[in-house]
Amino acid sequence: MKHYKKASYLLLVLTAFIMSACTKMDDYKKKYEPNGPIIYPGKLDSVQVFSGKNRVLLTGLFTSDPKIVKYTVYWNSKQDSIVTPVTRTSGVDTARLYIPGLPEGVMTFEIRTYDNAGHISIPVTLAGNVYGSLYQSSLINRGIAKAELQNDGSALINWADVNADDGLISMEIKFTDAASKQHDTLITSVPTGLSTSLPKFKAGSSISYRTAFKPNKTAIDTFYVDYQTHSVKAEVTSIYLSNVSSPFQRATFDGRWGTLAAPWITNAAAKNKDNGVNGGYSSDAGGVINWETWNNTPVVNGILYQPTSSALPAGNYIVSFDAYSEVQSNSTVYCVAAAGGNGLPVLANLSTALGYVGMYNSANVGATSPSSRETRSFTFTLTSPQVVSIGFLGNIVGNGNPGNYFQVFSIKLYKN
């Protein structure tokens with residue numbers, strides 16, 4: 001009998017506890033769920049943010065809950081938002097939203113879905129990078145290690161190596177071919193060892209190119225560097241100069257000495273043979289530019305030059321010449337380029353030339369050695385098109401036996 005009373009007592013206590021708990025739960029629901037239980041629509045799955053230029057692309061999947069009718073994306077601490085309606089199908093649907101007008105930097109986005117009863121999903125939050133003018137200003141065109149015209153008439157561009165992760169994706173080149181036809185070529189970038197051949201390139205012309213970048217592999221926008229001009233080194237000798245290699249053509253000749261044929265112009269001081277009749281040419285080595293001053297035949301401000309056949313375009317140029325020299329240390333011979341078609345400056349005014357380089361002149365005075373066979377060169381720049389005089393200036397002592405002597409085998413002009 002006692003056991004029965006004890007069990008009854010425990011049952012009454014448990015019943016009272018359950019009733020009290022139910023009362024508290026009812027009070028909670030009345031306070032916090034006045035309209036019934038909270039319902040959360042299915043959230044957007046597999047959300048990604050793709051970087052762009054002052055914008056992003058947001059994507060995601062609706063994999064459940066066919067009752068979803070729209071979703072909202074918030075950013076800027078929820079001060080800005082976009083509401084997008086959704087039409088669900090029986091399968092998996094894709095959300096794809098461009099968000100424009102964003103400031104550059106890292107942006108955080110919050111996405112919530114809504115059903116047709118106004119219920120709101122739990123948030124999905126993620127961040128993405130936005131790129132703009134700061135990133136654009138950091139970009140530079142890919143470097144060109146070398147650009148030269150080839151023997152087959154093509155232009156070979158050797159690109160500078162770059163890092164594989166710098167975002168560089170391509171280069172676009174504009175160029176002119178030998179028939180003056182314009183071309184636009186797109187080159188897909190690889191980080192190292194990249195070369196590009198431009199067929200039938202117009203000698204003396206330049207390329208214009210720009211580089212394209214993506215800030216990351218999945219970015220939706222491409223950033224471009226401004227076009228810049230780059231010269232292509234090309235020999236343009238035959239376009240602007242003539243009678244420039246052995247055997248040089250002569251105008252007058254005495255059996256060994258002579259004068260150069262047109263378009264070369266020889267001043268009186270250069271004619272140190274045959275009582276001022278010949279000079280500047282020798283039949284040695286098959287016919288070369290030459291001064292020889294053995295037996296007291298000096299050359300003082302002797303000049304041999306030819307003007308270019310037409311105005312050289314603005315740009316950078318290289319003049320080179322192949323020569324053998326026994327010129328002694330008390331004498332000088334210069335290869336010179338001067339503005340205009342009226343000749344070269346004398347030694348006292350050499351600094352007014354566009355450019356020049358001295359020939360080897362380290363032979364001992366009164367000797368033929370040491371001697372040199374080499375190619376020397378110099379550069380000059382034109383800021384506007386103009387005719388240029390190119391040739392040689394000599395101030396060569398004449399006493400001594402042996403005296404001074406040299407041979408020029410060829411002259412070349414490059415546009416660089």
# chains A, B, ... in the order shown; residues from 1 in each chain; ligands from 1
>>> residues_around(residues="A:Ser242", least_positions_apart="6", cutoff="9 Å", atoms="only C-alpha atoms", output="list in words")
Ala262, Pro263, Trp264, Gln306, Thr308 and Ser309 of chain A
>>> write_last_selection(atoms="C-alpha atoms", output="mmCIF file, in the first residue's frame")
data_model
loop_
_atom_site.group_PDB
_atom_site.id
_atom_site.type_symbol
_atom_site.label_atom_id
_atom_site.label_comp_id
_atom_site.auth_asym_id
_atom_site.auth_seq_id
_atom_site.Cartn_x
_atom_site.Cartn_y
_atom_site.Cartn_z
ATOM 1 C CA ALA A 262 77.387 59.559 -107.317
ATOM 2 C CA PRO A 263 75.558 59.952 -105.094
ATOM 3 C CA TRP A 264 78.807 60.453 -103.174
ATOM 4 C CA GLN A 306 75.911 61.394 -99.672
ATOM 5 C CA THR A 308 69.687 60.251 -98.205
ATOM 6 C CA SER A 309 67.561 59.845 -101.310
#
>>> residues_around(residues="A:Ala164", least_positions_apart="2", cutoff="9 Å", atoms="only C-alpha atoms", output="PDB file with N, CA and C atoms, in the first residue's frame")
ATOM      1  N   VAL A 162      57.836  36.886 -68.523  1.00  0.00           N
ATOM      2  CA  VAL A 162      56.995  37.437 -67.450  1.00  0.00           C
ATOM      3  C   VAL A 162      56.685  36.332 -66.451  1.00  0.00           C
ATOM      4  N   ASP A 166      51.021  36.801 -63.261  1.00  0.00           N
ATOM      5  CA  ASP A 166      50.827  38.256 -63.270  1.00  0.00           C
ATOM      6  C   ASP A 166      49.566  38.682 -64.005  1.00  0.00           C
ATOM      7  N   GLY A 167      48.790  37.724 -64.485  1.00  0.00           N
ATOM      8  CA  GLY A 167      47.511  38.051 -65.113  1.00  0.00           C
ATOM      9  C   GLY A 167      47.575  38.405 -66.575  1.00  0.00           C
ATOM     10  N   LEU A 168      48.753  38.364 -67.182  1.00  0.00           N
ATOM     11  CA  LEU A 168      48.890  38.736 -68.595  1.00  0.00           C
ATOM     12  C   LEU A 168      48.333  37.610 -69.462  1.00  0.00           C
ATOM     13  N   VAL A 190      52.356  33.280 -73.372  1.00  0.00           N
ATOM     14  CA  VAL A 190      52.966  32.255 -72.515  1.00  0.00           C
ATOM     15  C   VAL A 190      54.080  32.969 -71.755  1.00  0.00           C
ATOM     16  N   PRO A 191      54.403  32.517 -70.541  1.00  0.00           N
ATOM     17  CA  PRO A 191      55.311  33.310 -69.694  1.00  0.00           C
ATOM     18  C   PRO A 191      56.725  33.470 -70.240  1.00  0.00           C
ATOM     19  N   THR A 192      57.280  32.405 -70.833  1.00  0.00           N
ATOM     20  CA  THR A 192      58.690  32.458 -71.224  1.00  0.00           C
ATOM     21  C   THR A 192      58.880  31.948 -72.649  1.00  0.00           C
TER      22      THR A 192
END
>>> select_by_dssp(residues="stretch 201-373 of chain A", states="alpha helix (DSSP H)", output="PyMOL selection string")
chain A and resi 237-240
>>> write_last_selection(atoms="N, CA, C and O atoms", output="PDB file, in the first residue's frame")
ATOM      1  N   THR A 237      69.191  50.514 -95.695  1.00  0.00           N
ATOM      2  CA  THR A 237      70.247  51.088 -96.527  1.00  0.00           C
ATOM      3  C   THR A 237      69.800  51.268 -97.957  1.00  0.00           C
ATOM      4  O   THR A 237      69.949  52.348 -98.553  1.00  0.00           O
ATOM      5  N   SER A 238      69.245  50.208 -98.541  1.00  0.00           N
ATOM      6  CA  SER A 238      68.898  50.252 -99.962  1.00  0.00           C
ATOM      7  C   SER A 238      67.776  51.221-100.268  1.00  0.00           C
ATOM      8  O   SER A 238      67.595  51.632-101.414  1.00  0.00           O
ATOM      9  N   ILE A 239      67.003  51.603 -99.254  1.00  0.00           N
ATOM     10  CA  ILE A 239      65.910  52.554 -99.470  1.00  0.00           C
ATOM     11  C   ILE A 239      66.443  53.975 -99.589  1.00  0.00           C
ATOM     12  O   ILE A 239      65.939  54.773-100.390  1.00  0.00           O
ATOM     13  N   TYR A 240      67.493  54.299 -98.819  1.00  0.00           N
ATOM     14  CA  TYR A 240      67.922  55.695 -98.712  1.00  0.00           C
ATOM     15  C   TYR A 240      69.353  55.958 -99.197  1.00  0.00           C
ATOM     16  O   TYR A 240      69.701  57.126 -99.426  1.00  0.00           O
TER      17      TYR A 240
END
>>> residues_around(residues="A:Thr266", least_positions_apart="3", cutoff="9 Å", atoms="only C-alpha atoms", output="list in words")
Thr259, Leu260, Ala269, Ala270, Lys271, Gly279, Gly280, Gly302, Ile303, Leu304, Tyr305 and Gln306 of chain A
>>> atom_distance(atom1="atom CA of A:Val49", atom2="atom CA of A:Glu104")
14.5 Å
>>> select_by_dssp(residues="stretch 288-373 of chain A", states="strand (DSSP E)", output="PyMOL selection string")
chain A and resi 288-290+299-307+315-325+332-339+355-358+372-373
>>> residues_around(residues="A:Asp80", least_positions_apart="4", cutoff="12 Å", atoms="only C-alpha atoms", output="PyMOL selection string")
chain A and resi 72-76+99-102+107-110
>>> write_last_selection(atoms="N, CA and C atoms", output="CSV table (one decimal), in the first residue's frame")
chain,number,residue,atom,x,y,z
A,72,THR,N,17.5,38.4,-52.6
A,72,THR,CA,18.1,39.7,-52.4
A,72,THR,C,19.6,39.6,-52.1
A,73,VAL,N,20.4,40.5,-52.7
A,73,VAL,CA,21.8,40.5,-52.4
A,73,VAL,C,22.1,41.9,-51.8
A,74,TYR,N,22.7,41.9,-50.6
A,74,TYR,CA,23.0,43.1,-49.9
A,74,TYR,C,24.6,43.3,-49.9
A,75,TRP,N,25.0,44.5,-49.9
A,75,TRP,CA,26.4,44.9,-49.7
A,75,TRP,C,26.5,46.3,-49.1
A,76,ASN,N,27.7,46.7,-48.9
A,76,ASN,CA,28.0,48.0,-48.3
A,76,ASN,C,27.2,48.1,-46.9
A,99,ILE,N,26.5,42.8,-60.6
A,99,ILE,CA,26.3,43.9,-59.7
A,99,ILE,C,27.2,45.0,-60.1
A,100,PRO,N,26.8,46.1,-60.7
A,100,PRO,CA,27.6,47.2,-61.3
A,100,PRO,C,27.9,48.3,-60.3
A,101,GLY,N,28.7,49.2,-60.7
A,101,GLY,CA,28.9,50.4,-59.9
A,101,GLY,C,29.6,50.3,-58.6
A,102,LEU,N,30.5,49.3,-58.4
A,102,LEU,CA,31.1,49.0,-57.1
A,102,LEU,C,32.4,49.7,-57.0
A,107,MET,N,34.7,43.4,-51.3
A,107,MET,CA,33.3,43.7,-51.0
A,107,MET,C,32.8,42.4,-50.4
A,108,THR,N,31.9,42.6,-49.3
A,108,THR,CA,31.2,41.4,-48.7
A,108,THR,C,29.7,41.5,-49.1
A,109,PHE,N,29.2,40.3,-49.5
A,109,PHE,CA,27.8,40.2,-50.0
A,109,PHE,C,27.1,39.3,-49.1
A,110,GLU,N,25.8,39.6,-48.9
A,110,GLU,CA,24.9,38.7,-48.1
A,110,GLU,C,23.7,38.4,-49.0
>>> closest_residue(among="A:Ile187, A:Ile169, A:Val69, A:Val299", to="A:Pro215", atoms="only C-alpha atoms")
A:Ile169
